[in-house]
>>> print(open('target-v8.txt').read())   # compact mmCIF, C-alpha atoms
# COMPACT_ATOMS: atom_id res chain seq x y z
CA MET A 113 -57.65 -57.16 8.86
CA ILE A 114 -59.21 -56.29 12.19
CA SER A 115 -62.51 -54.57 12.82
CA ILE A 116 -63.13 -52.63 16.05
CA ARG A 117 -66.76 -52.12 17.05
CA LEU A 118 -66.53 -48.86 18.94
CA LYS A 119 -70.08 -48.82 20.30
CA GLU A 120 -69.25 -51.72 22.64
CA LYS A 121 -66.43 -49.68 24.13
CA VAL A 122 -67.73 -46.11 24.16
CA GLY A 123 -71.52 -46.27 23.97
CA SER A 124 -73.59 -44.16 21.60
CA PHE A 125 -71.72 -40.92 22.29
CA ALA A 126 -67.99 -41.31 21.72
CA GLU A 127 -66.35 -38.83 24.09
CA ASN A 128 -64.15 -40.75 26.51
CA LYS A 129 -60.57 -39.96 25.51
CA ASP A 130 -59.12 -42.48 27.93
CA VAL A 131 -60.97 -45.24 26.11
CA ALA A 132 -59.86 -43.78 22.76
CA ARG A 133 -56.27 -43.90 23.94
CA ASP A 134 -56.61 -47.51 25.10
CA ILE A 135 -58.06 -48.55 21.75
CA ARG A 136 -55.26 -46.78 19.92
CA MET A 137 -52.46 -48.16 22.09
CA ASN A 138 -53.74 -51.68 22.66
CA ILE A 139 -55.55 -52.54 19.44
CA ILE A 140 -54.83 -50.17 16.54
CA ILE A 141 -51.07 -49.73 16.91
CA PRO A 142 -50.32 -53.45 17.44
CA ALA A 143 -52.45 -54.28 14.37
CA LEU A 144 -50.69 -51.67 12.23
CA GLU A 145 -47.31 -52.89 13.46
CA LYS A 146 -48.24 -56.34 12.20
CA GLY A 147 -49.11 -54.85 8.82
CA GLU A 148 -52.85 -55.40 9.24
CA MET A 149 -55.56 -53.13 7.90
CA VAL A 150 -57.86 -51.63 10.57
CA THR A 151 -61.57 -50.90 10.36
CA LEU A 152 -63.05 -48.54 12.96
CA ASP A 153 -66.74 -49.39 13.04
CA PHE A 154 -68.95 -46.51 14.22
CA GLN A 155 -72.20 -48.49 13.86
CA GLY A 156 -74.65 -47.37 16.58
CA ILE A 157 -72.68 -44.27 17.52
CA ASP A 158 -74.77 -41.10 17.20
CA SER A 159 -72.01 -38.60 17.72
CA ALA A 160 -68.40 -38.13 18.74
CA THR A 161 -66.35 -35.26 20.06
CA GLN A 162 -63.36 -33.88 18.24
CA SER A 163 -61.30 -34.72 21.35
CA PHE A 164 -62.28 -38.38 21.14
CA VAL A 165 -61.40 -38.66 17.45
CA HIS A 166 -58.16 -36.76 18.04
CA ALA A 167 -57.18 -39.15 20.85
CA LEU A 168 -58.08 -42.11 18.65
CA ILE A 169 -56.18 -41.29 15.46
CA SER A 170 -54.02 -38.15 15.60
CA ASP A 171 -50.97 -39.90 17.02
CA LEU A 172 -51.14 -42.54 14.28
CA ILE A 173 -50.72 -39.83 11.65
CA ARG A 174 -47.86 -38.28 13.57
CA LYS A 175 -46.20 -41.65 14.13
CA TYR A 176 -46.68 -43.27 10.72
CA GLY A 177 -47.29 -40.24 8.47
CA GLY A 178 -50.32 -39.51 6.30
CA GLU A 179 -49.97 -42.89 4.56
CA VAL A 180 -51.49 -44.58 7.61
CA ILE A 181 -54.88 -43.21 6.54
CA GLU A 182 -54.76 -45.71 3.64
CA LYS A 183 -54.62 -48.52 6.18
CA ILE A 184 -57.61 -47.41 8.25
CA SER A 185 -61.26 -47.55 7.19
CA PHE A 186 -64.05 -45.72 8.99
CA LYS A 187 -67.25 -47.74 8.77
CA SER A 188 -70.90 -46.74 9.31
CA CYS A 189 -70.17 -43.12 10.17
CA ASN A 190 -73.03 -40.65 10.10
CA GLU A 191 -72.55 -37.21 8.57
CA VAL A 192 -71.40 -35.50 11.77
CA ILE A 193 -68.88 -38.21 12.62
CA ARG A 194 -67.54 -38.20 9.05
CA LYS A 195 -66.99 -34.45 9.28
CA ILE A 196 -65.27 -34.61 12.66
CA ILE A 197 -62.94 -37.36 11.42
CA THR A 198 -62.19 -35.28 8.31
CA ILE A 199 -61.39 -32.20 10.41
CA VAL A 200 -58.92 -34.15 12.56
CA ILE A 201 -57.25 -35.83 9.58
CA ASP A 202 -57.03 -32.51 7.74
CA TYR A 203 -55.40 -30.57 10.56
CA MET A 204 -53.04 -33.38 11.43
CA GLN A 205 -51.85 -33.55 7.82
CA GLU A 206 -51.58 -29.76 7.65
CA SER A 207 -49.53 -29.86 10.86
CA SER A 208 -47.17 -32.58 9.76
CA ASN A 209 -46.61 -31.41 6.15
CA MET B 87 -65.01 -13.96 50.25
CA LYS B 88 -68.24 -12.17 49.59
CA ILE B 89 -70.75 -12.52 46.81
CA PHE B 90 -74.07 -10.87 46.09
CA ILE B 91 -76.76 -12.61 44.06
CA PRO B 92 -78.64 -9.89 42.18
CA ASN B 93 -82.22 -10.00 40.95
CA SER B 94 -80.97 -10.92 37.49
CA ALA B 95 -77.66 -12.35 36.28
CA PHE B 96 -77.58 -14.05 32.90
CA LEU B 97 -74.72 -14.05 30.45
CA GLY B 98 -75.84 -10.84 28.79
CA ASN B 99 -75.89 -8.86 32.05
CA ILE B 100 -73.51 -10.85 34.27
CA ASN B 101 -70.74 -8.22 34.52
CA PRO B 102 -72.09 -6.38 37.61
CA PHE B 103 -72.40 -9.72 39.43
CA LEU B 104 -68.76 -10.54 38.65
CA LYS B 105 -67.60 -7.08 39.70
CA GLY B 106 -69.39 -7.48 43.02
CA PHE B 107 -67.45 -10.64 43.91
CA ASP B 108 -64.90 -10.08 46.66
CA PRO B 109 -62.29 -12.88 46.75
CA LYS B 110 -60.48 -11.56 49.85
CA ASN B 111 -60.38 -13.75 53.00
CA PRO B 112 -61.03 -17.09 51.27
CA GLU B 113 -61.32 -18.89 54.62
CA LYS B 114 -64.93 -17.70 54.99
CA PHE B 115 -67.71 -17.04 52.53
CA GLU B 116 -70.58 -14.57 52.90
CA ILE B 117 -73.46 -14.79 50.45
CA LYS B 118 -76.22 -12.23 50.18
CA ALA B 119 -79.05 -12.02 47.71
CA ASN B 120 -81.57 -9.58 46.35
CA GLU B 121 -84.49 -9.40 48.77
CA LYS B 122 -87.25 -9.44 46.19
CA TRP B 123 -86.36 -11.57 43.22
CA ILE B 124 -83.62 -13.92 42.03
CA ALA B 125 -83.34 -15.01 38.39
CA ILE B 126 -79.88 -16.30 37.57
CA HIS B 127 -77.94 -18.30 35.03
CA PRO B 128 -76.71 -21.76 36.13
CA VAL B 129 -73.15 -20.46 35.83
CA VAL B 130 -73.78 -18.20 38.84
CA LEU B 131 -74.81 -21.23 40.89
CA ALA B 132 -71.80 -23.20 39.68
CA MET B 133 -69.49 -20.38 40.77
CA ILE B 134 -71.00 -20.09 44.26
CA ALA B 135 -70.95 -23.87 44.72
CA ALA B 136 -67.30 -24.08 43.59
CA LEU B 137 -66.28 -21.36 46.05
CA GLY B 138 -68.20 -22.83 48.96
CA LEU B 139 -67.42 -26.50 48.47
CA PRO B 140 -63.87 -26.48 49.90
CA LEU B 141 -65.09 -24.73 53.07
CA LYS B 142 -66.67 -26.25 56.13
CA ALA B 143 -70.36 -25.41 56.50
CA ASP B 144 -69.71 -23.21 59.56
CA LYS B 145 -67.55 -20.93 57.42
CA VAL B 146 -70.34 -20.25 54.94
CA PHE B 147 -72.77 -17.49 55.88
CA PHE B 148 -75.86 -17.28 53.74
CA GLU B 149 -78.09 -14.34 54.64
CA LYS B 150 -81.68 -15.39 55.14
CA LEU B 151 -83.42 -15.38 51.79
CA THR B 152 -86.63 -13.46 51.37
CA ALA B 153 -87.04 -13.45 47.60
CA LYS B 154 -90.03 -15.50 46.45
CA SER B 155 -87.94 -17.18 43.80
CA ALA B 156 -85.30 -18.33 46.30
CA HIS B 157 -86.65 -21.88 46.16
CA TYR B 158 -84.85 -22.11 42.80
CA LEU B 159 -81.52 -22.15 44.64
CA GLU B 160 -82.78 -24.97 46.85
CA ARG B 161 -84.08 -26.93 43.89
CA MET B 162 -80.78 -26.57 42.03
CA GLY B 163 -79.02 -28.06 45.05
CA LEU B 164 -77.00 -25.02 46.11
CA PHE B 165 -77.59 -25.37 49.86
CA LYS B 166 -76.86 -29.07 49.76
CA PHE B 167 -73.51 -28.19 48.15
CA LEU B 168 -72.75 -25.61 50.79
CA GLY B 169 -73.80 -27.96 53.58
CA ILE B 170 -76.30 -25.53 55.06
CA ASP B 171 -80.01 -25.64 55.80
CA SER B 172 -81.84 -22.92 53.88
CA GLY B 173 -85.05 -23.43 55.78
CA ILE B 174 -86.82 -23.50 52.40
CA LYS B 175 -89.25 -26.35 52.05
CA ILE B 176 -90.01 -27.49 48.53
CA THR B 177 -91.68 -30.50 47.06
CA GLU B 178 -88.91 -32.28 45.24
CA HIS B 179 -89.86 -32.87 41.64
CA GLU B 180 -88.04 -35.09 39.25
CA PRO B 181 -85.64 -32.82 37.39
CA ALA B 182 -86.80 -34.39 34.11
CA GLY B 183 -87.44 -31.91 31.38
CA ARG B 184 -86.18 -28.74 33.00
CA PHE B 185 -82.85 -28.64 34.75
CA ILE B 186 -79.72 -30.44 35.79
CA PRO B 187 -78.98 -29.53 39.41
CA LEU B 188 -75.48 -28.68 40.57
CA THR B 189 -73.25 -31.67 40.07
CA GLN B 190 -69.62 -32.21 40.97
CA ILE B 191 -67.58 -34.17 38.44
CA ASN B 192 -64.08 -35.24 39.45
CA ASN B 193 -62.93 -37.71 36.83
CA SER B 194 -63.47 -39.27 33.45
CA GLN B 195 -65.71 -42.08 34.74
CA GLU B 196 -67.99 -39.63 36.54
CA LEU B 197 -68.21 -37.54 33.39
CA SER B 198 -69.16 -40.52 31.24
CA GLY B 199 -71.78 -41.51 33.83
CA PHE B 200 -73.15 -37.97 33.91
CA ILE B 201 -73.49 -37.89 30.13
CA THR B 202 -75.11 -41.31 29.95
CA GLU B 203 -77.45 -41.02 32.92
CA ILE B 204 -78.14 -37.37 33.74
CA ILE B 205 -78.42 -35.58 30.40
CA PRO B 206 -81.17 -37.93 29.13
CA LEU B 207 -83.30 -36.79 32.10
CA LEU B 208 -83.87 -33.51 30.28
CA HIS B 209 -85.79 -35.42 27.59
CA LEU B 210 -84.43 -33.28 24.79
CA ASN B 211 -84.64 -34.33 21.17
CA PRO B 212 -81.51 -35.99 19.71
CA LEU B 213 -80.19 -32.82 18.07
CA GLN B 214 -80.59 -30.90 21.30
CA THR B 215 -78.97 -33.68 23.29
CA ASP B 216 -76.02 -33.74 20.88
CA ALA B 217 -75.22 -30.08 21.42
CA MET B 218 -75.59 -30.30 25.19
CA ARG B 219 -73.47 -33.40 25.76
CA TYR B 220 -70.83 -32.15 23.31
CA VAL B 221 -70.42 -28.89 25.23
CA ILE B 222 -70.45 -30.48 28.67
CA SER B 223 -68.09 -33.29 27.71
CA GLU B 224 -65.46 -31.01 26.19
CA LEU B 225 -65.62 -28.41 28.97
CA VAL B 226 -65.52 -30.87 31.85
CA ARG B 227 -62.68 -32.83 30.24
CA ASN B 228 -60.72 -29.58 30.07
CA VAL B 229 -61.17 -29.19 33.82
CA ILE B 230 -60.27 -32.80 34.60
CA GLU B 231 -57.15 -32.74 32.40
CA HIS B 232 -55.77 -29.25 32.88
CA ALA B 233 -57.27 -27.40 35.85
CA ALA B 234 -56.04 -29.34 38.89
CA SER B 235 -59.20 -28.09 40.58
CA PRO B 236 -59.58 -29.37 44.15
CA VAL B 237 -63.35 -29.53 43.65
CA GLY B 238 -63.26 -30.90 40.10
CA ALA B 239 -65.81 -29.34 37.78
CA ILE B 240 -69.10 -28.00 39.08
CA VAL B 241 -71.82 -28.21 36.44
CA ALA B 242 -75.41 -26.99 36.28
CA ALA B 243 -77.80 -26.54 33.39
CA GLN B 244 -81.32 -25.36 32.76
CA TYR B 245 -83.64 -25.76 29.80
CA TYR B 246 -85.96 -22.82 29.03
CA PRO B 247 -88.86 -24.15 26.95
CA LYS B 248 -90.21 -20.69 26.02
CA THR B 249 -87.04 -19.74 24.19
CA ASN B 250 -85.98 -23.35 23.53
CA THR B 251 -82.62 -22.49 25.02
CA ILE B 252 -80.22 -24.46 27.19
CA ARG B 253 -78.05 -22.53 29.61
CA ILE B 254 -74.98 -24.33 30.88
CA GLY B 255 -72.56 -23.25 33.60
CA ILE B 256 -69.27 -24.91 34.55
CA ALA B 257 -66.88 -23.60 37.19
CA ASP B 258 -63.63 -24.79 38.69
CA VAL B 259 -61.20 -23.39 41.24
CA GLY B 260 -58.06 -24.73 39.65
CA VAL B 261 -54.93 -23.18 38.19
CA GLY B 262 -56.70 -20.98 35.64
CA ILE B 263 -56.19 -20.57 31.91
CA LYS B 264 -53.09 -18.37 32.06
CA ARG B 265 -51.04 -20.92 33.95
CA THR B 266 -52.22 -23.74 31.68
CA ILE B 267 -51.48 -21.83 28.46
CA ASN B 268 -48.15 -20.52 29.79
CA ARG B 269 -46.79 -24.06 29.90
CA SER B 270 -46.27 -23.77 26.14
CA HIS B 271 -47.21 -20.26 25.00
CA PRO B 272 -46.29 -16.85 26.32
CA ALA B 273 -49.29 -14.90 27.58
CA GLU B 274 -48.65 -11.86 29.74
CA THR B 275 -52.22 -11.36 30.93
CA ASP B 276 -55.27 -13.47 31.70
CA LEU B 277 -57.06 -11.95 28.73
CA GLU B 278 -54.21 -12.82 26.37
CA ALA B 279 -54.29 -16.39 27.71
CA ILE B 280 -58.06 -16.62 27.15
CA ARG B 281 -57.59 -15.33 23.61
CA LEU B 282 -54.98 -18.02 22.92
CA ALA B 283 -57.11 -20.75 24.53
CA LEU B 284 -59.98 -19.89 22.19
CA THR B 285 -57.76 -19.98 19.10
CA PRO B 286 -57.91 -23.30 17.23
CA GLY B 287 -54.75 -25.38 17.49
CA ILE B 288 -53.36 -23.66 20.60
CA THR B 289 -53.02 -25.90 23.63
CA GLY B 290 -51.10 -25.47 26.84
CA THR B 291 -49.73 -28.99 26.51
CA THR B 292 -47.36 -28.23 23.62
CA SER B 293 -46.27 -25.50 21.23
CA ARG B 294 -46.20 -28.05 18.40
CA GLU B 295 -48.81 -27.75 15.63
CA GLY B 296 -51.39 -30.51 15.84
CA GLY B 297 -51.08 -30.70 19.62
CA THR B 298 -50.16 -33.81 21.54
CA GLU B 299 -51.60 -37.30 21.19
CA SER B 300 -54.46 -36.32 23.47
CA ASN B 301 -54.88 -32.54 23.09
CA ALA B 302 -55.38 -30.54 19.93
CA GLY B 303 -56.39 -27.19 21.40
CA ALA B 304 -59.72 -27.28 19.60
CA GLY B 305 -62.30 -27.81 22.35
CA LEU B 306 -63.02 -24.21 23.33
CA PHE B 307 -63.01 -23.08 19.70
CA PHE B 308 -65.66 -25.71 18.88
CA ILE B 309 -67.82 -24.63 21.82
CA LYS B 310 -67.56 -20.93 21.03
CA SER B 311 -68.50 -21.83 17.46
CA ILE B 312 -71.55 -23.85 18.60
CA ALA B 313 -72.69 -20.85 20.66
CA LYS B 314 -72.08 -18.47 17.77
CA VAL B 315 -73.97 -20.53 15.23
CA SER B 316 -76.88 -21.03 17.62
CA ARG B 317 -76.84 -17.29 18.29
CA GLY B 318 -76.20 -17.73 21.97
CA PHE B 319 -73.89 -16.14 24.48
CA PHE B 320 -70.59 -17.70 25.51
CA MET B 321 -68.47 -16.40 28.37
CA ILE B 322 -65.18 -17.38 29.85
CA TYR B 323 -63.83 -15.84 33.04
CA SER B 324 -60.42 -16.71 34.44
CA GLY B 325 -58.05 -14.74 36.62
CA ASP B 326 -59.05 -11.10 36.26
CA ALA B 327 -60.36 -11.30 32.70
CA LEU B 328 -63.67 -11.94 31.02
CA TYR B 329 -64.29 -12.69 27.35
CA LYS B 330 -67.88 -12.71 26.21
CA LEU B 331 -69.14 -13.74 22.79
CA LEU B 332 -72.18 -11.58 22.15
CA LYS B 333 -75.37 -12.79 20.53
CA GLU B 334 -75.57 -12.82 16.78
CA PRO B 335 -78.75 -11.18 15.48
CA SER B 336 -81.42 -13.79 14.80
CA GLY B 337 -83.40 -14.21 11.63
CA SER B 338 -80.66 -14.01 9.04
CA GLY B 339 -80.94 -17.78 8.66
CA LYS B 340 -77.44 -18.05 7.35
CA LEU B 341 -74.43 -19.42 9.18
CA LYS B 342 -72.02 -16.76 10.21
CA ARG B 343 -68.39 -16.79 9.29
CA LEU B 344 -66.15 -18.25 11.97
CA PHE B 345 -62.96 -16.57 13.03
CA ALA B 346 -59.86 -18.22 14.45
CA ASP B 347 -59.18 -15.07 16.45
CA PRO B 348 -61.96 -14.67 19.05
CA PHE B 349 -61.42 -10.93 19.05
CA LYS B 350 -62.78 -10.79 15.50
CA ASP B 351 -66.14 -12.17 16.67
CA LYS B 352 -68.77 -9.84 18.05
CA HIS B 353 -67.60 -9.79 21.66
CA SER B 354 -66.91 -7.81 24.81
CA ILE B 355 -63.96 -8.02 27.18
CA GLU B 356 -63.24 -6.91 30.74
CA GLU B 357 -59.97 -6.89 32.63
CA LEU B 358 -59.09 -6.14 36.25
CA LEU B 359 -62.18 -7.94 37.48
CA PRO B 360 -62.07 -9.54 40.94
CA PHE B 361 -59.60 -12.41 40.62
CA TRP B 362 -61.18 -15.81 39.94
CA GLN B 363 -58.75 -18.56 40.88
CA GLY B 364 -59.72 -21.05 38.21
CA THR B 365 -62.02 -20.87 35.22
CA VAL B 366 -65.71 -20.25 34.69
CA VAL B 367 -67.52 -20.96 31.44
CA GLY B 368 -71.13 -20.14 30.61
CA VAL B 369 -72.84 -21.11 27.37
CA ASP B 370 -76.31 -20.49 25.96
CA ILE B 371 -77.43 -22.67 23.08
CA SER B 372 -80.58 -21.73 21.27
CA LEU B 373 -81.80 -25.09 20.14
CA ASP B 374 -83.80 -23.95 17.14
CA ASP B 375 -80.51 -23.54 15.41
CA THR B 376 -78.69 -26.72 16.39
CA GLN B 377 -79.69 -28.41 13.12
CA GLU B 378 -76.83 -26.39 11.71
CA PHE B 379 -74.26 -28.45 13.63
CA SER B 380 -73.28 -30.40 10.54
CA SER B 381 -72.83 -27.22 8.49
CA LEU B 382 -70.91 -25.73 11.39
CA LEU B 383 -68.40 -28.55 11.05
CA ASP B 384 -67.78 -27.55 7.42
CA LEU B 385 -66.95 -24.03 8.56
CA ILE B 386 -64.73 -25.31 11.37
CA ARG B 387 -62.82 -27.52 8.95
CA GLU B 388 -62.16 -24.59 6.67
CA VAL B 389 -61.05 -22.18 9.41
CA TYR B 390 -59.03 -24.77 11.27
CA SER B 391 -56.90 -25.92 8.35
CA LYS B 392 -56.37 -22.36 7.16
CA THR B 393 -55.27 -21.26 10.62
CA VAL B 394 -52.78 -24.11 11.02
CA ARG B 395 -51.38 -23.43 7.52
CA GLU B 396 -50.98 -19.71 8.22
CA ARG B 397 -49.39 -20.28 11.59
CA LYS B 398 -46.89 -22.71 10.05
CA ARG B 399 -46.12 -20.24 7.29
CA GLU B 400 -45.35 -17.57 9.91
CA LYS B 401 -42.61 -19.82 11.26
CA TYR B 402 -40.98 -20.40 7.85
CA ARG B 403 -37.50 -19.01 7.47
CA LYS B 404 -37.48 -16.05 5.15
CA PRO B 405 -34.88 -15.41 2.41
CA LYS B 406 -32.39 -12.74 3.26
CA PHE B 407 -32.24 -10.27 0.38
CA ILE B 408 -29.27 -7.96 0.48
>>> encode(input="target-v8.txt", output="structure tokens")
Amino acid sequence: MISIRLKEKVGSFAENKDVARDIRMNIIIPALEKGEMVTLDFQGIDSATQSFVHALISDLIRKYGGEVIEKISFKSCNEVIRKIITIVIDYMQESSN
Amino acid sequence: MKIFIPNSAFLGNINPFLKGFDPKNPEKFEIKANEKWIAIHPVVLAMIAALGLPLKADKVFFEKLTAKSAHYLERMGLFKFLGIDSGIKITEHEPAGRFIPLTQINNSQELSGFITEIIPLLHLNPLQTDAMRYVISELVRNVIEHAASPVGAIVAAQYYPKTNTIRIGIADVGVGIKRTINRSHPAETDLEAIRLALTPGITGTTSREGGTESNAGAGLFFIKSIAKVSRGFFMIYSGDALYKLLKEPSGSGKLKRLFADPFKDKHSIEELLPFWQGTVVGVDISLDDTQEFSSLLDLIREVYSKTVRERKREKYRKPKFI
């Protein structure tokens, strides 16, 4: 299992989609390809944009299907971040069903 | 080009200012202003700066200002942007606590720096900061990714303590919304393109539901929703069309219903306005209501999923009964 501390990469406001893409391409996808579980640790992040979360996880759902959500854990998310993640996961599943 | 700065131009009464803009002869730029008083939304400044920035200073003609409040333009950095000397002498104050002067943002790194370093200067509380950086981040990223604007995004903002309101203006002189949306969706007019751009799940990058790996087509819908819930104005002007979300009445205390179709919100539209090559967005956020951001996300989730489901259903093949 790998754990990714996002604060170190994006600061307290997660909005940089380029960084989100790098994390997805260079850390999350290789880990999933190896069959590892992934923890995205939001400790210390106050807020995130929908665009950031979309760039971080939407392509995983498209690529691996909704089952990939079982392999990813979202740690230390505040209420707003939880809701934004839920919105993205919901609409991606609605889109791919 | 010609533009006239009136005595008052905020989002509620901005239409006459827009109608007075003359985009002809873009190689020179004449700016005149009301002689007695100038009170304007930051979006007006962002527009003037975006128009003037590509020109050499000797092609910009700013009529001598006589209004007492003209120092505001100097303080917001307009003359610096236009490369001209206003002759106005002011004591430079730290912008802390009141405004973000005109700022040009060209790329992702500059945007991240702006959010980290400049927004905190306003010394807003965390809830207020959240709303402000959310709006600026999403709008400026739209410009960087889709607009191909030769001047990037021009941003300005002002905090009004009396009404506890933030007014944000962002302008670009890029390809405009119609051209961006038309890459994947048919839109005959600028207004139709604006309507599509504000609809959740519609992005110019693809016609596929769910968007691409980096674009979902949700950014403008989120921002319009933030403005609606905080009972503020939201305007978007691109090409010859203007869409304006009008203020919700205050005091009801309850979150309003969100609509996927922006034309179902309380709004006004204008077409055949002087052509703006690019996109202009103005937002007012009344910060007393930003505590509802979390509840707003519940509403967005509901509307968003429903909209995607309905749009997919529209594409289903239907049985042929004979």
>>> interface_residues(input="target-v8.txt", of="chain A", to="chain B", cutoff="12 Å", atoms="all atoms listed in the file", output="PyMOL selection string")
chain A and resi 121-134+136-137+157-175+190-209
>>> atom_distance(input="target-v8.txt", atom1="atom CA of B:Asp171", atom2="atom CA of B:Phe103")
24.1 Å
>>> closest_residue(input="target-v8.txt", among="B:Val237, B:Ile288, B:Ala327, B:Ala313", to="B:Pro140", atoms="all atoms listed in the file")
B:Val237
>>> atom_distance(input="target-v8.txt", atom1="atom CA of B:Gly238", atom2="atom CA of B:Lys264")
18.0 Å
>>> atom_distance(input="target-v8.txt", atom1="atom CA of A:Met113", atom2="atom CA of A:Gly156")
21.1 Å
>>> closest_residue(input="target-v8.txt", among="B:Asn120, B:Asn211, B:Ser311, B:Ser270", to="B:Val389", atoms="only C-alpha atoms")
B:Ser311
>>> closest_residue(input="target-v8.txt", among="B:Ser316, B:Gln214, B:Ser293, B:Ser94", to="B:Ser155", atoms="all atoms listed in the file")
B:Ser94
>>> closest_residue(input="target-v8.txt", among="B:Val367, B:Lys310, B:Ile256, B:Phe148", to="B:His353", atoms="only C-alpha atoms")
B:Lys310
>>> build_atoms(input="target-v8.txt", residues="stretch 163-176 of chain A", atoms="N, CA and C atoms", output="PDB file, in the frame of the given file")
ATOM      1  N   SER A 163     -62.345 -34.232  20.429  1.00  0.00           N
ATOM      2  CA  SER A 163     -61.300 -34.720  21.350  1.00  0.00           C
ATOM      3  C   SER A 163     -61.166 -36.230  21.296  1.00  0.00           C
ATOM      4  N   PHE A 164     -62.310 -36.912  21.212  1.00  0.00           N
ATOM      5  CA  PHE A 164     -62.280 -38.380  21.140  1.00  0.00           C
ATOM      6  C   PHE A 164     -61.571 -38.826  19.859  1.00  0.00           C
ATOM      7  N   VAL A 165     -61.985 -38.247  18.733  1.00  0.00           N
ATOM      8  CA  VAL A 165     -61.400 -38.660  17.450  1.00  0.00           C
ATOM      9  C   VAL A 165     -59.912 -38.310  17.422  1.00  0.00           C
ATOM     10  N   HIS A 166     -59.575 -37.152  17.982  1.00  0.00           N
ATOM     11  CA  HIS A 166     -58.160 -36.760  18.040  1.00  0.00           C
ATOM     12  C   HIS A 166     -57.368 -37.803  18.837  1.00  0.00           C
ATOM     13  N   ALA A 167     -57.893 -38.177  20.000  1.00  0.00           N
ATOM     14  CA  ALA A 167     -57.180 -39.150  20.850  1.00  0.00           C
ATOM     15  C   ALA A 167     -57.096 -40.522  20.175  1.00  0.00           C
ATOM     16  N   LEU A 168     -58.058 -40.812  19.313  1.00  0.00           N
ATOM     17  CA  LEU A 168     -58.080 -42.110  18.650  1.00  0.00           C
ATOM     18  C   LEU A 168     -57.066 -42.190  17.505  1.00  0.00           C
ATOM     19  N   ILE A 169     -56.969 -41.125  16.700  1.00  0.00           N
ATOM     20  CA  ILE A 169     -56.180 -41.290  15.460  1.00  0.00           C
ATOM     21  C   ILE A 169     -55.031 -40.303  15.235  1.00  0.00           C
ATOM     22  N   SER A 170     -55.009 -39.174  15.962  1.00  0.00           N
ATOM     23  CA  SER A 170     -54.020 -38.150  15.600  1.00  0.00           C
ATOM     24  C   SER A 170     -52.576 -38.676  15.729  1.00  0.00           C
ATOM     25  N   ASP A 171     -52.339 -39.440  16.790  1.00  0.00           N
ATOM     26  CA  ASP A 171     -50.970 -39.900  17.020  1.00  0.00           C
ATOM     27  C   ASP A 171     -50.518 -40.918  15.958  1.00  0.00           C
ATOM     28  N   LEU A 172     -51.494 -41.575  15.347  1.00  0.00           N
ATOM     29  CA  LEU A 172     -51.140 -42.540  14.280  1.00  0.00           C
ATOM     30  C   LEU A 172     -50.562 -41.780  13.095  1.00  0.00           C
ATOM     31  N   ILE A 173     -51.185 -40.624  12.792  1.00  0.00           N
ATOM     32  CA  ILE A 173     -50.720 -39.830  11.650  1.00  0.00           C
ATOM     33  C   ILE A 173     -49.342 -39.243  11.954  1.00  0.00           C
ATOM     34  N   ARG A 174     -49.163 -38.839  13.197  1.00  0.00           N
ATOM     35  CA  ARG A 174     -47.860 -38.280  13.570  1.00  0.00           C
ATOM     36  C   ARG A 174     -46.774 -39.384  13.538  1.00  0.00           C
ATOM     37  N   LYS A 175     -47.159 -40.557  14.013  1.00  0.00           N
ATOM     38  CA  LYS A 175     -46.200 -41.650  14.130  1.00  0.00           C
ATOM     39  C   LYS A 175     -45.846 -42.278  12.773  1.00  0.00           C
ATOM     40  N   TYR A 176     -46.906 -42.515  11.970  1.00  0.00           N
ATOM     41  CA  TYR A 176     -46.680 -43.270  10.720  1.00  0.00           C
ATOM     42  C   TYR A 176     -46.777 -42.392   9.466  1.00  0.00           C
TER      43      TYR A 176
END
